[in-house]
Amino acid sequence: MQGHIYAVWDFMSLLKALQQKLTCTTTPWYPSKFPNTRYLINEIVVAEESDEYIDGRRLSHFEMYLDALHALGGDSHEINQFLEQVYAGSAVLQVIEDSDLHPNIKEFLAFTFDVIENGSAHEIAAAFTFGREDLIPDMFSSILKEIQLNFPDSNLEKLLYYFERHIELDGDEHGPLAMKMIMELCGDDASKWKQVEEVSKLALEKRIKLWDAIDSAL
């Protein structure tokens, strides 16, 4: 969990980057040119940034995961230190490079923020959709079964709630919404679809290496 939490955090950064690209988040306000997509992305933001937690509080999915980590006795010192530097205004890519994280986790994060800083809207959407939203429901369903089998006596209530919320939202709602977003952004532009394919492949490669890093720490 202590390695995977970085993926939970940078997912939110991808989401907010899309919100900035596809909706108006500045003043004076003006309507963006993506009427359907701005609805879709705002719908996803509401759930991911302020979902209902197991105890009735409104929390982001990152905060839920962090609380589940604490409930299982996990150490959040590393992620807290990392975020303190980011919140203090340090360049995120420099914070990643200077950290003591596993090289694969660094590579995963660096890829995400490179796409955020340099990618177009459809490329960011590709990393978000095919590297995360389209992948996560089936992956989490498999993980959930393994957790229940291997840790029958552990207090997994909060972690299981987090997984179940992701499976429910990403499988039934956010995954299909994200696919519609990609279709609106790319339309019939073959070059955009090619770029989406390239970014998606890279996102999956980085995701695999992230899991390799987590596996090596077990």
# chains A, B, ... in the order shown; residues from 1 in each chain; ligands from 1
>>> residues_around(residues="Ala217 (chain A)", least_positions_apart="5", cutoff="10 Å", atoms="only C-alpha atoms", output="PDB file with N, CA and C atoms, in the first residue's frame")
ATOM      1  N   GLN A   2       2.025   1.186   0.686  1.00  0.00           N
ATOM      2  CA  GLN A   2       2.872   2.370   0.807  1.00  0.00           C
ATOM      3  C   GLN A   2       3.488   2.776  -0.530  1.00  0.00           C
ATOM      4  N   GLY A   3       3.610   1.836  -1.456  1.00  0.00           N
ATOM      5  CA  GLY A   3       4.078   2.167  -2.797  1.00  0.00           C
ATOM      6  C   GLY A   3       2.935   2.553  -3.715  1.00  0.00           C
ATOM      7  N   HIS A 102      11.492   3.845  -5.005  1.00  0.00           N
ATOM      8  CA  HIS A 102      11.978   2.828  -5.947  1.00  0.00           C
ATOM      9  C   HIS A 102      12.043   3.445  -7.346  1.00  0.00           C
ATOM     10  N   TRP A 211       3.887  -2.031 -10.468  1.00  0.00           N
ATOM     11  CA  TRP A 211       3.506  -3.235  -9.738  1.00  0.00           C
ATOM     12  C   TRP A 211       4.709  -4.128  -9.477  1.00  0.00           C
ATOM     13  N   ASP A 212       5.656  -4.148 -10.394  1.00  0.00           N
ATOM     14  CA  ASP A 212       6.893  -4.907 -10.159  1.00  0.00           C
ATOM     15  C   ASP A 212       7.627  -4.363  -8.936  1.00  0.00           C
TER      16      ASP A 212
END
>>> closest_residue(among="A:Leu101, A:Met1, A:Ile124, A:Val115", to="Asp67 (chain A)", atoms="only C-alpha atoms")
A:Met1
>>> select_by_dssp(residues="region 1-191 of chain A", states="alpha helix (DSSP H)", output="compact mmCIF listing (two decimals) with N, CA and C atoms, in the first residue's frame")
# COMPACT_ATOMS: atom_id res chain seq x y z
N ILE A 5 0.19 3.98 -3.00
CA ILE A 5 -0.48 5.24 -2.68
C ILE A 5 -0.05 6.38 -3.60
N TYR A 6 1.14 6.28 -4.17
CA TYR A 6 1.60 7.31 -5.12
C TYR A 6 0.76 7.28 -6.40
N ALA A 7 0.34 6.09 -6.79
CA ALA A 7 -0.52 5.99 -7.97
C ALA A 7 -1.91 6.55 -7.68
N VAL A 8 -2.38 6.37 -6.46
CA VAL A 8 -3.67 6.94 -6.06
C VAL A 8 -3.60 8.46 -6.10
N TRP A 9 -2.49 8.99 -5.62
CA TRP A 9 -2.31 10.45 -5.59
C TRP A 9 -2.15 11.04 -6.99
N ASP A 10 -1.31 10.43 -7.82
CA ASP A 10 -1.07 11.06 -9.12
C ASP A 10 -2.26 10.87 -10.07
N PHE A 11 -3.12 9.90 -9.77
CA PHE A 11 -4.38 9.78 -10.50
C PHE A 11 -5.21 11.04 -10.35
N MET A 12 -5.23 11.58 -9.12
CA MET A 12 -5.98 12.81 -8.88
C MET A 12 -5.38 13.98 -9.65
N SER A 13 -4.06 13.97 -9.82
CA SER A 13 -3.41 15.04 -10.59
C SER A 13 -3.79 14.95 -12.06
N LEU A 14 -3.86 13.74 -12.60
CA LEU A 14 -4.33 13.56 -13.98
C LEU A 14 -5.76 14.09 -14.13
N LEU A 15 -6.59 13.75 -13.17
CA LEU A 15 -7.99 14.17 -13.21
C LEU A 15 -8.12 15.69 -13.19
N LYS A 16 -7.36 16.35 -12.30
CA LYS A 16 -7.44 17.81 -12.20
C LYS A 16 -6.84 18.47 -13.44
N ALA A 17 -5.83 17.84 -14.04
CA ALA A 17 -5.28 18.38 -15.29
C ALA A 17 -6.33 18.37 -16.38
N LEU A 18 -7.11 17.29 -16.43
CA LEU A 18 -8.19 17.22 -17.41
C LEU A 18 -9.26 18.26 -17.13
N GLN A 19 -9.57 18.46 -15.87
CA GLN A 19 -10.57 19.47 -15.53
C GLN A 19 -10.11 20.86 -15.97
N GLN A 20 -8.82 21.14 -15.80
CA GLN A 20 -8.28 22.44 -16.22
C GLN A 20 -8.30 22.59 -17.73
N LYS A 21 -8.04 21.49 -18.45
CA LYS A 21 -8.01 21.53 -19.91
C LYS A 21 -9.40 21.62 -20.53
N LEU A 22 -10.36 20.96 -19.90
CA LEU A 22 -11.64 20.73 -20.56
C LEU A 22 -12.80 21.54 -20.00
N PRO A 35 -18.83 20.72 -24.49
CA PRO A 35 -20.00 20.69 -23.59
C PRO A 35 -20.26 19.34 -22.96
N ASN A 36 -20.15 18.27 -23.72
CA ASN A 36 -20.40 16.94 -23.16
C ASN A 36 -19.26 16.51 -22.24
N THR A 37 -18.04 16.77 -22.69
CA THR A 37 -16.88 16.34 -21.93
C THR A 37 -16.74 17.10 -20.63
N ARG A 38 -17.08 18.38 -20.61
CA ARG A 38 -16.96 19.12 -19.35
C ARG A 38 -17.94 18.58 -18.32
N TYR A 39 -19.10 18.10 -18.78
CA TYR A 39 -20.03 17.45 -17.84
C TYR A 39 -19.43 16.15 -17.33
N LEU A 40 -18.87 15.36 -18.24
CA LEU A 40 -18.31 14.06 -17.85
C LEU A 40 -17.18 14.22 -16.84
N ILE A 41 -16.27 15.16 -17.11
CA ILE A 41 -15.11 15.30 -16.23
C ILE A 41 -15.52 15.85 -14.87
N ASN A 42 -16.47 16.79 -14.85
CA ASN A 42 -16.94 17.31 -13.57
C ASN A 42 -17.67 16.23 -12.76
N GLU A 43 -18.38 15.35 -13.45
CA GLU A 43 -19.05 14.23 -12.79
C GLU A 43 -18.03 13.32 -12.10
N ILE A 44 -16.93 13.06 -12.79
CA ILE A 44 -15.88 12.20 -12.22
C ILE A 44 -15.19 12.91 -11.06
N VAL A 45 -14.92 14.21 -11.21
CA VAL A 45 -14.25 14.97 -10.16
C VAL A 45 -15.05 14.94 -8.86
N VAL A 46 -16.35 15.12 -8.95
CA VAL A 46 -17.19 15.14 -7.74
C VAL A 46 -17.00 13.85 -6.93
N ALA A 47 -17.04 12.72 -7.62
CA ALA A 47 -16.93 11.44 -6.91
C ALA A 47 -15.52 11.16 -6.43
N GLU A 48 -14.52 11.47 -7.25
CA GLU A 48 -13.14 11.14 -6.88
C GLU A 48 -12.59 12.08 -5.81
N GLU A 49 -13.06 13.32 -5.81
CA GLU A 49 -12.50 14.32 -4.90
C GLU A 49 -13.32 14.46 -3.61
N HIS A 61 -10.65 10.02 -2.78
CA HIS A 61 -10.24 8.62 -2.74
C HIS A 61 -8.80 8.48 -2.23
N PHE A 62 -7.99 9.50 -2.44
CA PHE A 62 -6.64 9.48 -1.87
C PHE A 62 -6.71 9.47 -0.34
N GLU A 63 -7.56 10.33 0.22
CA GLU A 63 -7.69 10.39 1.68
C GLU A 63 -8.26 9.09 2.25
N MET A 64 -9.18 8.47 1.50
CA MET A 64 -9.71 7.18 1.92
C MET A 64 -8.60 6.13 1.98
N TYR A 65 -7.79 6.11 0.95
CA TYR A 65 -6.71 5.12 0.87
C TYR A 65 -5.70 5.35 1.99
N LEU A 66 -5.39 6.60 2.26
CA LEU A 66 -4.45 6.94 3.33
C LEU A 66 -5.00 6.50 4.68
N ASP A 67 -6.30 6.70 4.89
CA ASP A 67 -6.92 6.29 6.15
C ASP A 67 -6.91 4.77 6.28
N ALA A 68 -7.15 4.07 5.16
CA ALA A 68 -7.10 2.60 5.18
C ALA A 68 -5.69 2.11 5.48
N LEU A 69 -4.70 2.82 4.95
CA LEU A 69 -3.29 2.50 5.23
C LEU A 69 -3.02 2.61 6.73
N HIS A 70 -3.48 3.68 7.34
CA HIS A 70 -3.29 3.88 8.78
C HIS A 70 -4.01 2.78 9.58
N ALA A 71 -5.21 2.41 9.13
CA ALA A 71 -6.00 1.40 9.85
C ALA A 71 -5.29 0.06 9.88
N HIS A 77 4.73 8.06 6.59
CA HIS A 77 5.75 9.11 6.74
C HIS A 77 6.34 9.51 5.38
N GLU A 78 6.63 8.53 4.55
CA GLU A 78 7.28 8.81 3.26
C GLU A 78 6.39 9.63 2.34
N ILE A 79 5.13 9.22 2.20
CA ILE A 79 4.22 9.96 1.32
C ILE A 79 3.93 11.35 1.89
N ASN A 80 3.85 11.46 3.21
CA ASN A 80 3.61 12.77 3.82
C ASN A 80 4.77 13.73 3.57
N GLN A 81 5.98 13.22 3.71
CA GLN A 81 7.17 14.05 3.44
C GLN A 81 7.21 14.48 1.98
N PHE A 82 6.91 13.54 1.10
CA PHE A 82 6.89 13.80 -0.34
C PHE A 82 5.91 14.93 -0.65
N LEU A 83 4.70 14.82 -0.11
CA LEU A 83 3.66 15.81 -0.41
C LEU A 83 3.94 17.16 0.24
N GLU A 84 4.59 17.14 1.40
CA GLU A 84 4.96 18.41 2.04
C GLU A 84 5.86 19.23 1.12
N GLN A 85 6.79 18.57 0.44
CA GLN A 85 7.67 19.28 -0.49
C GLN A 85 6.90 19.82 -1.69
N VAL A 86 5.97 19.02 -2.18
CA VAL A 86 5.15 19.46 -3.32
C VAL A 86 4.28 20.64 -2.91
N TYR A 87 3.63 20.53 -1.75
CA TYR A 87 2.75 21.60 -1.27
C TYR A 87 3.52 22.88 -0.98
N VAL A 92 7.43 19.43 -8.95
CA VAL A 92 7.09 18.04 -8.66
C VAL A 92 8.07 17.06 -9.29
N LEU A 93 8.53 17.34 -10.51
CA LEU A 93 9.48 16.42 -11.14
C LEU A 93 10.80 16.38 -10.39
N GLN A 94 11.19 17.52 -9.79
CA GLN A 94 12.42 17.55 -9.00
C GLN A 94 12.23 16.78 -7.69
N VAL A 95 11.07 16.92 -7.09
CA VAL A 95 10.78 16.18 -5.86
C VAL A 95 10.83 14.68 -6.13
N ILE A 96 10.27 14.27 -7.26
CA ILE A 96 10.30 12.86 -7.64
C ILE A 96 11.74 12.38 -7.80
N GLU A 97 12.53 13.15 -8.54
CA GLU A 97 13.91 12.77 -8.81
C GLU A 97 14.74 12.69 -7.53
N ASP A 98 14.51 13.61 -6.60
CA ASP A 98 15.31 13.67 -5.37
C ASP A 98 14.84 12.69 -4.30
N PRO A 103 13.09 3.14 -8.12
CA PRO A 103 13.22 3.72 -9.47
C PRO A 103 11.98 3.54 -10.34
N ASN A 104 11.30 2.41 -10.21
CA ASN A 104 10.10 2.17 -11.02
C ASN A 104 8.95 3.10 -10.63
N ILE A 105 8.85 3.40 -9.33
CA ILE A 105 7.81 4.34 -8.88
C ILE A 105 8.15 5.75 -9.36
N LYS A 106 9.42 6.10 -9.29
CA LYS A 106 9.85 7.40 -9.82
C LYS A 106 9.50 7.52 -11.31
N GLU A 107 9.78 6.46 -12.05
CA GLU A 107 9.52 6.46 -13.49
C GLU A 107 8.03 6.59 -13.77
N PHE A 108 7.23 5.90 -12.99
CA PHE A 108 5.77 5.97 -13.12
C PHE A 108 5.27 7.40 -12.90
N LEU A 109 5.73 8.01 -11.81
CA LEU A 109 5.30 9.37 -11.49
C LEU A 109 5.81 10.38 -12.51
N ALA A 110 7.07 10.23 -12.92
CA ALA A 110 7.66 11.16 -13.88
C ALA A 110 6.90 11.12 -15.20
N PHE A 111 6.50 9.92 -15.63
CA PHE A 111 5.72 9.79 -16.86
C PHE A 111 4.40 10.55 -16.73
N THR A 112 3.71 10.33 -15.62
CA THR A 112 2.42 11.00 -15.41
C THR A 112 2.55 12.51 -15.51
N PHE A 113 3.53 13.07 -14.81
CA PHE A 113 3.63 14.53 -14.77
C PHE A 113 4.24 15.10 -16.05
N ASP A 114 4.97 14.30 -16.79
CA ASP A 114 5.42 14.74 -18.10
C ASP A 114 4.22 14.85 -19.05
N VAL A 115 3.33 13.88 -18.99
CA VAL A 115 2.11 13.93 -19.80
C VAL A 115 1.26 15.14 -19.39
N ILE A 116 1.14 15.36 -18.09
CA ILE A 116 0.35 16.50 -17.61
C ILE A 116 0.93 17.82 -18.09
N GLU A 117 2.24 17.96 -18.02
CA GLU A 117 2.88 19.24 -18.36
C GLU A 117 3.00 19.46 -19.87
N ASN A 118 3.19 18.39 -20.62
CA ASN A 118 3.49 18.54 -22.05
C ASN A 118 2.43 17.96 -22.99
N ALA A 121 -4.86 17.60 -24.48
CA ALA A 121 -5.99 17.09 -23.71
C ALA A 121 -6.26 15.62 -24.00
N HIS A 122 -6.20 15.22 -25.27
CA HIS A 122 -6.51 13.82 -25.59
C HIS A 122 -5.41 12.87 -25.11
N GLU A 123 -4.17 13.35 -25.02
CA GLU A 123 -3.09 12.51 -24.50
C GLU A 123 -3.21 12.33 -22.99
N ILE A 124 -3.56 13.40 -22.28
CA ILE A 124 -3.81 13.28 -20.84
C ILE A 124 -5.00 12.36 -20.60
N ALA A 125 -6.02 12.51 -21.42
CA ALA A 125 -7.20 11.65 -21.29
C ALA A 125 -6.86 10.19 -21.55
N ALA A 126 -5.91 9.94 -22.45
CA ALA A 126 -5.49 8.57 -22.73
C ALA A 126 -4.81 7.94 -21.52
N ALA A 127 -3.89 8.69 -20.89
CA ALA A 127 -3.21 8.19 -19.69
C ALA A 127 -4.22 7.94 -18.58
N PHE A 128 -5.20 8.82 -18.49
CA PHE A 128 -6.24 8.71 -17.46
C PHE A 128 -7.15 7.52 -17.72
N ILE A 136 -8.74 -0.38 -13.98
CA ILE A 136 -8.82 -0.55 -12.53
C ILE A 136 -9.94 -1.49 -12.06
N PRO A 137 -11.17 -1.44 -12.60
CA PRO A 137 -12.23 -2.29 -12.03
C PRO A 137 -11.88 -3.77 -11.99
N ASP A 138 -11.45 -4.34 -13.12
CA ASP A 138 -11.10 -5.76 -13.16
C ASP A 138 -9.90 -6.06 -12.28
N MET A 139 -8.92 -5.16 -12.29
CA MET A 139 -7.71 -5.35 -11.49
C MET A 139 -8.06 -5.36 -10.01
N PHE A 140 -8.88 -4.39 -9.57
CA PHE A 140 -9.23 -4.30 -8.16
C PHE A 140 -10.12 -5.47 -7.73
N SER A 141 -10.97 -5.96 -8.62
CA SER A 141 -11.81 -7.12 -8.29
C SER A 141 -10.94 -8.32 -7.97
N SER A 142 -9.88 -8.51 -8.77
CA SER A 142 -8.95 -9.61 -8.55
C SER A 142 -8.20 -9.44 -7.23
N ILE A 143 -7.73 -8.20 -6.97
CA ILE A 143 -7.00 -7.92 -5.73
C ILE A 143 -7.91 -8.15 -4.52
N LEU A 144 -9.16 -7.74 -4.63
CA LEU A 144 -10.11 -7.88 -3.53
C LEU A 144 -10.29 -9.34 -3.14
N LYS A 145 -10.39 -10.22 -4.13
CA LYS A 145 -10.54 -11.65 -3.85
C LYS A 145 -9.30 -12.19 -3.14
N GLU A 146 -8.12 -11.75 -3.58
CA GLU A 146 -6.87 -12.21 -2.97
C GLU A 146 -6.76 -11.73 -1.52
N ILE A 147 -7.14 -10.49 -1.28
CA ILE A 147 -7.08 -9.94 0.08
C ILE A 147 -7.99 -10.73 1.02
N GLN A 148 -9.21 -10.97 0.58
CA GLN A 148 -10.17 -11.67 1.43
C GLN A 148 -9.72 -13.10 1.71
N LEU A 149 -9.04 -13.72 0.74
CA LEU A 149 -8.56 -15.09 0.89
C LEU A 149 -7.35 -15.18 1.81
N ASN A 150 -6.41 -14.24 1.64
CA ASN A 150 -5.12 -14.33 2.34
C ASN A 150 -5.09 -13.66 3.71
N GLU A 157 -11.79 -3.50 6.76
CA GLU A 157 -13.05 -2.83 6.43
C GLU A 157 -12.85 -1.59 5.57
N LYS A 158 -11.91 -0.73 5.96
CA LYS A 158 -11.71 0.52 5.23
C LYS A 158 -11.08 0.29 3.86
N LEU A 159 -10.12 -0.63 3.80
CA LEU A 159 -9.48 -0.92 2.52
C LEU A 159 -10.47 -1.56 1.56
N LEU A 160 -11.28 -2.49 2.05
CA LEU A 160 -12.27 -3.14 1.20
C LEU A 160 -13.30 -2.13 0.70
N TYR A 161 -13.67 -1.19 1.55
CA TYR A 161 -14.62 -0.15 1.13
C TYR A 161 -14.03 0.68 -0.01
N TYR A 162 -12.75 1.04 0.13
CA TYR A 162 -12.07 1.80 -0.93
C TYR A 162 -12.11 1.04 -2.24
N PHE A 163 -11.73 -0.24 -2.21
CA PHE A 163 -11.72 -1.05 -3.43
C PHE A 163 -13.12 -1.18 -4.01
N GLU A 164 -14.09 -1.43 -3.15
CA GLU A 164 -15.46 -1.62 -3.63
C GLU A 164 -16.01 -0.35 -4.28
N ARG A 165 -15.68 0.81 -3.72
CA ARG A 165 -16.12 2.07 -4.32
C ARG A 165 -15.50 2.26 -5.70
N HIS A 166 -14.22 1.93 -5.82
CA HIS A 166 -13.57 2.07 -7.13
C HIS A 166 -14.16 1.11 -8.15
N ILE A 167 -14.40 -0.11 -7.73
CA ILE A 167 -14.99 -1.09 -8.65
C ILE A 167 -16.36 -0.62 -9.11
N GLU A 168 -17.16 -0.14 -8.17
CA GLU A 168 -18.51 0.33 -8.48
C GLU A 168 -18.49 1.54 -9.41
N LEU A 169 -17.70 2.56 -9.05
CA LEU A 169 -17.68 3.80 -9.82
C LEU A 169 -16.99 3.63 -11.17
N GLY A 175 -15.62 4.59 -16.00
CA GLY A 175 -14.99 3.98 -17.17
C GLY A 175 -15.72 4.35 -18.46
N PRO A 176 -17.03 4.11 -18.53
CA PRO A 176 -17.78 4.51 -19.73
C PRO A 176 -17.74 6.01 -20.00
N LEU A 177 -17.78 6.83 -18.93
CA LEU A 177 -17.70 8.29 -19.12
C LEU A 177 -16.36 8.68 -19.72
N ALA A 178 -15.29 8.05 -19.24
CA ALA A 178 -13.96 8.36 -19.74
C ALA A 178 -13.82 7.97 -21.21
N MET A 179 -14.43 6.86 -21.60
CA MET A 179 -14.38 6.44 -23.00
C MET A 179 -15.11 7.45 -23.89
N LYS A 180 -16.24 7.96 -23.41
CA LYS A 180 -16.97 8.98 -24.17
C LYS A 180 -16.13 10.25 -24.31
N MET A 181 -15.38 10.58 -23.27
CA MET A 181 -14.50 11.75 -23.31
C MET A 181 -13.45 11.59 -24.40
N ILE A 182 -12.82 10.43 -24.47
CA ILE A 182 -11.80 10.16 -25.50
C ILE A 182 -12.41 10.31 -26.89
N MET A 183 -13.60 9.77 -27.06
CA MET A 183 -14.24 9.81 -28.38
C MET A 183 -14.56 11.24 -28.79
N GLU A 184 -15.01 12.07 -27.84
CA GLU A 184 -15.31 13.47 -28.18
C GLU A 184 -14.03 14.24 -28.49
N LEU A 185 -12.96 13.97 -27.75
CA LEU A 185 -11.71 14.70 -27.95
C LEU A 185 -11.02 14.33 -29.26
N CYS A 186 -11.13 13.07 -29.65
CA CYS A 186 -10.43 12.61 -30.86
C CYS A 186 -11.29 12.69 -32.11
N ALA A 190 -7.41 10.82 -37.12
CA ALA A 190 -6.58 9.61 -37.02
C ALA A 190 -5.28 9.86 -36.26
N SER A 191 -4.71 11.06 -36.42
CA SER A 191 -3.45 11.36 -35.74
C SER A 191 -3.65 11.40 -34.22
>>> atom_distance(atom1="CA of Phe130 (chain A)", atom2="CA of Ser200 (chain A)")
5.6 Å
